[in-house]
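This report refers to the structure that appears directly beneath it.
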Amino acid sequence: MRGAVTLALALAVTENYRVPLDVQREVGILATGFTLFTLFIQGTTLRMLIERLGLTKLAPIDLALSRQVVAVALQNVREEVSGAVKDHGLNHDIVRQEAKAFGQRLERAVTLAEEAEEIREKDRITLGLLALAGRERDLVLEAFREQQIASARAEAMLTDVDRLFEATRLNGRIGYRRAAKRGMGYGRFHRMALRLHNRLRLSRPLARMTADRFEILLNQRFILAALHSYADTKIRRIHGRRVAEILHQVLRQREEETEQAIEGLRLQYPGYAEEMQRRFIRRLALRIEEREYDQLLKDGLIGRELHVSLRTKMAEARRLLAFRPKLDLAVEKTEILRQMSALSGLDDSQLKVVQRSVSTVHARPGEVLIRKGDPARHVFFIASGAVEVEFANQRQLLGRGEMFGQLGILTRRPRRAQVTAIAHSTLLRLDEQRFLELLQRNEVLRTAVAESSAKRGLLEAEGKPAQAGQKPAAQQHATAAPQAEAEPESESGPEVTQMMADDGTRSDQPAPVGGQGSLGTG
């Protein structure tokens, strides 16, 4: 190749009349000499040079692995050949002789594998994870060829798999876990689409990306389940039971994260989730049906004309399934608000007002949503996921359907608690003014705030029971909240004073996750 390129460049020089003749002659001689040297000197000695430098030898870990793979493969071959010979009634003497020769070859392979340098468990885990990433890539391509995954989603999944492979090759198991978590997170384009939806009411980009994410997660869950079988049947024979168990554990972690993300989307968009799951099942059924028809044709049980007719009908059914259901974020957000028991007293017109006022917040695990000392400006509704409230060395867990941040607004004090997401969570954020307007108009919301505060020990400043016939202080404050802005803050009243000090976070028992109607703190 180098000689051909050299001659082509030299020809361009020698044919150019602007170049002096002596220069043309010199360039022609040099190019011809270099080409002949490449052919007759380098071409005949390159192999010997590579062997002398040891470039043909495998690395110690690769050499040990190759010998182990050969030994395992020969054992599998002996088992399959032994079973096949029994069914064909071959001559016993010939079978015995061939079995003896193959046994000697297998014994030599096993001896080489035992003499090879021992592979560390850490290296075996890395090799196993690389094999899993390679198999995952094959499964994604197979699903794409069988039209189970659209091209855009398949490309995104392949990008994540390539990231897994490179991170594992560089940092082993830690790199694999980091890359897997990165694939589950929301990227900058999703954050940009969320800003467009919240600020400019442009919902199409966010709806499309949410639908893509749902489809990718459903297919990823299916592929991860298939990787368990690959780890048992292939990787375990080469790297052992211990490594296979570790790989199963890593896969289960990814499955849990995937299932949690799917559940979050299902809770956030229940109607759309049902349609997407039905669509996934129908496409999977078509995929299996197509395999069955191909196998019948291969076995000669149906003719080619009938096979073509069946595939044509399947192509039409698949074409209809190619259109995804439309995701209407406004409708889904209204349904989420309707499921909040604290807002159950609102009519349709009030829910529409709230729906236009709330903004969507996506939080990653470990992301701080409320910090101590921050001014109280917003109230949060948990659409999916879970958060942890920390106050005075006490921790409370809040889940779907719950609400936090309201007591900081009622007391008009800086935040006294810190709220952190402990899972991928989707929250609806309502500003202070809208919340106070709702509190003034909605008796159910005022009662829910009062009951939640009472459960967290906010009845009295010193823990004393309220006097007979007297409303709890929390309910008094919730009822009077809309007028609080126009009144000076009272220096008396132990109930309200203690409530402001605690900011609604004191509790002797942790709150249950996912409870309906239970209100948070902050």
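Letters A, B, ... go to the chains of the structure tokens in the order shown; residues in each chain start at 1; ligands are counted from 1 in the same order.
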Applying 8 Å and only C-alpha atoms, which residues near stretch 282-288 of chain A remain after dropping the ones on its own chain fewer than 5 positions away? List them as a ChimeraX atom specification. /A:146-148,314,318,321
How would the residues just picked look written out with N, CA and C atoms as a PDB file, in the first residue's frame?
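Once everything was written out, this is result-v6.pdb:
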ATOM      1  N   GLU A 146     -34.850  -8.040  14.424  1.00  0.00           N
ATOM      2  CA  GLU A 146     -36.191  -8.623  14.473  1.00  0.00           C
ATOM      3  C   GLU A 146     -37.266  -7.568  14.709  1.00  0.00           C
ATOM      4  N   GLN A 147     -36.880  -6.285  14.616  1.00  0.00           N
ATOM      5  CA  GLN A 147     -37.806  -5.149  14.681  1.00  0.00           C
ATOM      6  C   GLN A 147     -38.541  -5.065  16.014  1.00  0.00           C
ATOM      7  N   GLN A 148     -37.871  -5.520  17.060  1.00  0.00           N
ATOM      8  CA  GLN A 148     -38.410  -5.357  18.400  1.00  0.00           C
ATOM      9  C   GLN A 148     -38.090  -3.967  18.949  1.00  0.00           C
ATOM     10  N   MET A 314     -47.639 -10.525   8.958  1.00  0.00           N
ATOM     11  CA  MET A 314     -46.929 -10.074  10.155  1.00  0.00           C
ATOM     12  C   MET A 314     -46.323  -8.693   9.950  1.00  0.00           C
ATOM     13  N   ARG A 318     -46.911  -5.509  12.293  1.00  0.00           N
ATOM     14  CA  ARG A 318     -45.782  -4.794  12.893  1.00  0.00           C
ATOM     15  C   ARG A 318     -45.792  -3.319  12.490  1.00  0.00           C
ATOM     16  N   LEU A 321     -47.976  -1.497  14.820  1.00  0.00           N
ATOM     17  CA  LEU A 321     -47.395  -1.344  16.155  1.00  0.00           C
ATOM     18  C   LEU A 321     -46.220  -0.374  16.172  1.00  0.00           C
TER      19      LEU A 321
END
Can you tell me which residues surround A:Ala423 at a distance of at most 7 Å, considering only C-alpha atoms, apart from same-chain residues fewer than 6 positions away, and format the answer as a CSV table (one decimal) with all heavy atoms, in the first residue's frame?
chain,number,residue,atom,x,y,z
A,364,ARG,N,-32.0,13.0,41.1
A,364,ARG,CA,-31.2,11.8,41.1
A,364,ARG,C,-30.9,11.3,42.5
A,364,ARG,O,-31.0,12.2,43.4
A,364,ARG,CB,-29.9,12.0,40.4
A,364,ARG,CG,-30.0,12.5,39.0
A,364,ARG,CD,-28.6,12.7,38.3
A,364,ARG,NE,-27.8,13.7,39.1
A,364,ARG,CZ,-27.9,15.0,38.8
A,364,ARG,NH1,-28.7,15.4,37.9
A,364,ARG,NH2,-27.2,15.9,39.5
A,365,PRO,N,-30.6,10.1,42.7
A,365,PRO,CA,-30.3,9.6,44.1
A,365,PRO,C,-29.1,10.5,44.7
A,365,PRO,O,-28.1,10.7,44.0
A,365,PRO,CB,-29.9,8.2,43.9
A,365,PRO,CG,-30.6,7.7,42.7
A,365,PRO,CD,-30.6,8.9,41.8
A,385,GLY,N,-40.8,7.8,43.3
A,385,GLY,CA,-39.6,7.8,44.0
A,385,GLY,C,-39.7,7.9,45.5
A,385,GLY,O,-40.8,7.7,46.1
A,386,ALA,N,-38.6,8.4,46.2
A,386,ALA,CA,-38.6,8.5,47.6
A,386,ALA,C,-37.6,9.5,48.0
A,386,ALA,O,-36.6,9.7,47.3
A,386,ALA,CB,-38.4,7.2,48.3
Residue contacts of A:Arg324 (9 Å, only C-alpha atoms) excluding same-chain residues fewer than 5 positions away, as a PDB file with N, CA and C atoms, in the first residue's frame:
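Listing of selection.pdb after writing:
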ATOM      1  N   ALA A 211     -41.133   9.082  26.283  1.00  0.00           N
ATOM      2  CA  ALA A 211     -41.586   7.873  25.599  1.00  0.00           C
ATOM      3  C   ALA A 211     -40.405   7.005  25.176  1.00  0.00           C
ATOM      4  N   GLU A 275     -50.367   1.321  28.014  1.00  0.00           N
ATOM      5  CA  GLU A 275     -50.345   1.201  26.562  1.00  0.00           C
ATOM      6  C   GLU A 275     -48.975   0.743  26.064  1.00  0.00           C
ATOM      7  N   MET A 276     -47.900   1.269  26.651  1.00  0.00           N
ATOM      8  CA  MET A 276     -46.563   0.873  26.232  1.00  0.00           C
ATOM      9  C   MET A 276     -46.275  -0.579  26.571  1.00  0.00           C
ATOM     10  N   ARG A 279     -48.067  -2.699  24.043  1.00  0.00           N
ATOM     11  CA  ARG A 279     -47.353  -2.636  22.766  1.00  0.00           C
ATOM     12  C   ARG A 279     -46.103  -3.509  22.803  1.00  0.00           C
TER      13      ARG A 279
END
Which residues are near A:Glu215? Cut-off 9 Å, only C-alpha atoms, ignore same chain within fewer than 2 positions. Put them as an MDAnalysis selection string. chainID A and resid 149 153 210:213 217:220 276:277 280
Restricting the output to C-alpha atoms, write the selected residues as a tab-separated table (two decimals), in the first residue's frame.
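Result file follows (again10.tsv):
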chain	number	residue	atom	x	y	z
A	149	ILE	CA	-36.57	-2.04	18.91
A	153	ARG	CA	-33.70	3.51	20.51
A	210	THR	CA	-40.00	10.30	28.06
A	211	ALA	CA	-41.59	7.87	25.60
A	212	ASP	CA	-38.13	6.88	24.30
A	213	ARG	CA	-36.92	6.28	27.85
A	217	LEU	CA	-36.22	0.54	29.81
A	218	LEU	CA	-38.74	-2.15	28.82
A	219	ASN	CA	-36.33	-3.67	26.31
A	220	GLN	CA	-33.40	-3.36	28.70
A	276	MET	CA	-46.56	0.87	26.23
A	277	GLN	CA	-46.55	-2.46	28.06
A	280	PHE	CA	-44.20	-4.34	24.04
Which residue gives the smallest distance to A:Leu196 among A:Ile246, A:Phe404, A:Thr360, A:Asn393, with only C-alpha atoms counted?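 Nearest candidate to A:Leu196 out of A:Ile246, A:Phe404, A:Thr360, A:Asn393: A:Thr360.
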Please provide the set of residues having any atom within 12 Å of stretch 97-107 of chain A, restricted to only C-alpha atoms, with same-chain residues fewer than 6 positions apart removed, written as a PyMOL selection string. chain A and resi 67-79+81-82+85+90-91+113-114
Who sits within 8 Å of stretch 159-168 of chain A, only C-alpha atoms, same chain under 5 positions skipped, as a compact mmCIF listing (two decimals) with N, CA, C and O atoms, in the first residue's frame:
# COMPACT_ATOMS: atom_id res chain seq x y z
N THR A 126 -13.48 -8.88 35.62
CA THR A 126 -13.43 -7.93 34.51
C THR A 126 -13.69 -8.61 33.18
O THR A 126 -14.46 -8.10 32.35
N LEU A 129 -17.38 -9.41 32.93
CA LEU A 129 -18.20 -8.23 32.64
C LEU A 129 -18.05 -7.79 31.18
O LEU A 129 -19.01 -7.35 30.55
N LEU A 130 -16.83 -7.91 30.64
CA LEU A 130 -16.63 -7.59 29.23
C LEU A 130 -17.41 -8.55 28.34
O LEU A 130 -17.99 -8.13 27.32
N ALA A 133 -21.02 -7.48 28.48
CA ALA A 133 -21.26 -6.29 27.66
C ALA A 133 -21.32 -6.67 26.17
O ALA A 133 -22.16 -6.16 25.42
N GLY A 134 -20.42 -7.56 25.76
CA GLY A 134 -20.45 -8.01 24.38
C GLY A 134 -21.72 -8.76 24.03
O GLY A 134 -22.31 -8.57 22.96
N GLU A 136 -24.59 -8.38 25.59
CA GLU A 136 -25.68 -7.40 25.60
C GLU A 136 -25.76 -6.67 24.27
O GLU A 136 -26.86 -6.40 23.75
N ARG A 137 -24.62 -6.35 23.72
CA ARG A 137 -24.61 -5.70 22.41
C ARG A 137 -25.23 -6.61 21.35
O ARG A 137 -26.01 -6.16 20.50
N ARG A 173 -14.83 -3.64 37.52
CA ARG A 173 -16.19 -3.69 38.06
C ARG A 173 -16.70 -2.31 38.45
O ARG A 173 -17.88 -2.00 38.25
N ILE A 174 -15.84 -1.48 39.02
CA ILE A 174 -16.25 -0.14 39.42
C ILE A 174 -16.67 0.67 38.19
O ILE A 174 -17.69 1.38 38.19
N GLY A 175 -15.89 0.56 37.12
CA GLY A 175 -16.24 1.27 35.90
C GLY A 175 -17.55 0.79 35.31
O GLY A 175 -18.34 1.60 34.79
N TYR A 176 -17.80 -0.51 35.39
CA TYR A 176 -19.07 -1.06 34.88
C TYR A 176 -20.25 -0.48 35.64
O TYR A 176 -21.25 -0.08 35.04
N ARG A 178 -20.39 2.34 37.38
CA ARG A 178 -20.54 3.77 37.11
C ARG A 178 -21.21 4.01 35.77
O ARG A 178 -22.09 4.87 35.63
N ALA A 179 -20.78 3.25 34.76
CA ALA A 179 -21.37 3.43 33.43
C ALA A 179 -22.84 3.01 33.43
O ALA A 179 -23.67 3.63 32.75
N ALA A 180 -23.17 1.95 34.18
CA ALA A 180 -24.57 1.52 34.25
C ALA A 180 -25.44 2.58 34.91
O ALA A 180 -26.56 2.87 34.46
N GLY A 183 -26.04 5.44 32.55
CA GLY A 183 -27.05 5.13 31.56
C GLY A 183 -28.47 5.25 32.08
O GLY A 183 -29.39 5.50 31.31
Please compute the atom CA of A:Leu63-atom CA of A:Gly172 distance, one decimal, in Å.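 One can read the atom CA of A:Leu63 to atom CA of A:Gly172 distance as 19.5 Å.
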When DSSP works through the backbone of this structure, what residues of stretch 314-431 of chain A end up as strand (DSSP E), shown as a PyMOL selection string? chain A and resi 359-363+368-370+378-384+387-391+394-398+403-404+418-421+425-431
Selected residues written out, N, CA, C and O atoms, as a compact mmCIF listing (two decimals), in the first residue's frame:
# COMPACT_ATOMS: atom_id res chain seq x y z
N SER A 359 -44.48 22.79 38.50
CA SER A 359 -43.41 22.43 37.56
C SER A 359 -42.85 21.08 37.96
O SER A 359 -42.91 20.68 39.13
N THR A 360 -42.30 20.37 36.98
CA THR A 360 -41.78 19.02 37.21
C THR A 360 -40.31 19.08 37.56
O THR A 360 -39.53 19.79 36.92
N VAL A 361 -39.92 18.33 38.57
CA VAL A 361 -38.53 18.26 39.01
C VAL A 361 -38.11 16.79 39.00
O VAL A 361 -38.77 15.95 39.63
N HIS A 362 -37.04 16.47 38.30
CA HIS A 362 -36.47 15.11 38.29
C HIS A 362 -35.21 15.13 39.16
O HIS A 362 -34.30 15.92 38.92
N ALA A 363 -35.18 14.27 40.14
CA ALA A 363 -34.07 14.24 41.09
C ALA A 363 -33.33 12.91 41.00
O ALA A 363 -33.96 11.85 40.89
N VAL A 368 -29.79 16.90 46.71
CA VAL A 368 -30.43 17.64 47.80
C VAL A 368 -31.52 18.53 47.23
O VAL A 368 -31.25 19.38 46.37
N LEU A 369 -32.73 18.37 47.72
CA LEU A 369 -33.88 19.15 47.25
C LEU A 369 -34.13 20.36 48.13
O LEU A 369 -34.56 21.41 47.63
N ILE A 370 -33.93 20.22 49.42
CA ILE A 370 -34.08 21.32 50.38
C ILE A 370 -32.87 21.31 51.30
O ILE A 370 -32.51 20.27 51.85
N HIS A 378 -41.17 26.91 48.18
CA HIS A 378 -41.93 25.95 47.40
C HIS A 378 -42.41 24.79 48.27
O HIS A 378 -41.82 24.49 49.31
N VAL A 379 -43.46 24.13 47.77
CA VAL A 379 -43.97 22.89 48.34
C VAL A 379 -43.82 21.81 47.26
O VAL A 379 -44.03 22.08 46.08
N PHE A 380 -43.44 20.60 47.67
CA PHE A 380 -43.18 19.52 46.73
C PHE A 380 -44.17 18.38 46.93
O PHE A 380 -44.43 17.96 48.07
N PHE A 381 -44.70 17.86 45.82
CA PHE A 381 -45.50 16.64 45.81
C PHE A 381 -44.67 15.53 45.16
O PHE A 381 -44.08 15.75 44.08
N ILE A 382 -44.62 14.36 45.78
CA ILE A 382 -43.82 13.26 45.25
C ILE A 382 -44.69 12.45 44.30
O ILE A 382 -45.64 11.77 44.72
N ALA A 383 -44.39 12.52 43.01
CA ALA A 383 -45.12 11.73 42.02
C ALA A 383 -44.58 10.30 41.95
O ALA A 383 -45.34 9.35 41.76
N SER A 384 -43.27 10.15 42.07
CA SER A 384 -42.66 8.82 42.09
C SER A 384 -41.31 8.93 42.78
O SER A 384 -40.70 10.00 42.83
N VAL A 387 -37.82 10.20 49.15
CA VAL A 387 -36.88 11.18 49.68
C VAL A 387 -36.66 10.90 51.16
O VAL A 387 -37.46 10.21 51.81
N GLU A 388 -35.55 11.43 51.67
CA GLU A 388 -35.22 11.28 53.09
C GLU A 388 -35.14 12.68 53.71
O GLU A 388 -34.46 13.56 53.20
N VAL A 389 -35.84 12.84 54.84
CA VAL A 389 -35.85 14.10 55.58
C VAL A 389 -34.96 13.93 56.81
O VAL A 389 -35.13 12.99 57.58
N GLU A 390 -34.00 14.84 56.97
CA GLU A 390 -33.07 14.77 58.09
C GLU A 390 -33.21 16.03 58.94
O GLU A 390 -33.10 17.15 58.43
N PHE A 391 -33.47 15.82 60.24
CA PHE A 391 -33.59 16.94 61.16
C PHE A 391 -33.19 16.47 62.55
O PHE A 391 -33.71 15.47 63.05
N GLN A 394 -32.39 12.92 63.22
CA GLN A 394 -33.47 11.98 62.96
C GLN A 394 -33.75 11.95 61.46
O GLN A 394 -33.60 12.96 60.77
N ARG A 395 -34.16 10.79 60.96
CA ARG A 395 -34.41 10.62 59.53
C ARG A 395 -35.80 10.07 59.32
O ARG A 395 -36.25 9.17 60.04
N GLN A 396 -36.48 10.62 58.33
CA GLN A 396 -37.81 10.16 57.95
C GLN A 396 -37.81 9.89 56.44
O GLN A 396 -37.15 10.59 55.68
N LEU A 397 -38.56 8.90 56.03
CA LEU A 397 -38.68 8.55 54.63
C LEU A 397 -40.07 8.93 54.13
O LEU A 397 -41.08 8.63 54.79
N LEU A 398 -40.11 9.57 52.99
CA LEU A 398 -41.37 9.95 52.37
C LEU A 398 -41.40 9.37 50.97
O LEU A 398 -40.38 9.34 50.27
N MET A 403 -46.06 14.81 50.57
CA MET A 403 -45.78 16.20 50.30
C MET A 403 -44.84 16.71 51.37
O MET A 403 -44.91 16.30 52.53
N PHE A 404 -43.92 17.60 51.01
CA PHE A 404 -43.01 18.17 52.01
C PHE A 404 -42.70 19.62 51.63
O PHE A 404 -42.84 20.02 50.47
N GLN A 418 -33.17 19.08 56.08
CA GLN A 418 -32.58 18.82 54.77
C GLN A 418 -33.28 17.63 54.14
O GLN A 418 -33.44 16.59 54.78
N VAL A 419 -33.71 17.78 52.89
CA VAL A 419 -34.43 16.73 52.18
C VAL A 419 -33.58 16.28 51.01
O VAL A 419 -33.16 17.11 50.18
N THR A 420 -33.33 14.97 50.94
CA THR A 420 -32.46 14.41 49.91
C THR A 420 -33.18 13.27 49.21
O THR A 420 -33.83 12.44 49.86
N ALA A 421 -33.08 13.21 47.89
CA ALA A 421 -33.65 12.10 47.14
C ALA A 421 -32.81 10.84 47.37
O ALA A 421 -31.59 10.90 47.32
N SER A 425 -36.35 10.18 41.40
CA SER A 425 -37.67 10.67 41.82
C SER A 425 -38.16 11.75 40.88
O SER A 425 -37.38 12.50 40.29
N THR A 426 -39.47 11.80 40.75
CA THR A 426 -40.14 12.86 40.00
C THR A 426 -41.07 13.59 40.95
O THR A 426 -41.91 12.96 41.60
N LEU A 427 -40.90 14.90 41.04
CA LEU A 427 -41.68 15.70 41.98
C LEU A 427 -42.38 16.84 41.24
O LEU A 427 -41.90 17.32 40.21
N LEU A 428 -43.51 17.25 41.80
CA LEU A 428 -44.23 18.41 41.30
C LEU A 428 -44.04 19.54 42.31
O LEU A 428 -44.34 19.37 43.50
N ARG A 429 -43.55 20.68 41.82
CA ARG A 429 -43.20 21.78 42.71
C ARG A 429 -44.24 22.91 42.56
O ARG A 429 -44.52 23.36 41.46
N LEU A 430 -44.77 23.36 43.72
CA LEU A 430 -45.78 24.42 43.76
C LEU A 430 -45.22 25.60 44.56
O LEU A 430 -44.65 25.41 45.63
N ASP A 431 -45.39 26.81 44.03
CA ASP A 431 -44.80 27.97 44.71
C ASP A 431 -45.64 28.36 45.93
O ASP A 431 -46.75 27.91 46.15
Rank A:Pro205, A:Ala156, A:Val243, A:Gly300 by their smallest atom-to-atom distance to A:Met192, using only C-alpha atoms, and report the top residue only.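 Closest to A:Met192 of all the choices is A:Pro205.
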So which residues of stretch 269-332 of chain A fall under helix (DSSP H, G or I) by DSSP, listed as a PyMOL selection string? chain A and resi 270-298+304-321+329-332
Between atom CA of A:Tyr269 and atom CA of A:Phe214, what is the distance, to one decimal in Å? 10.3 Å
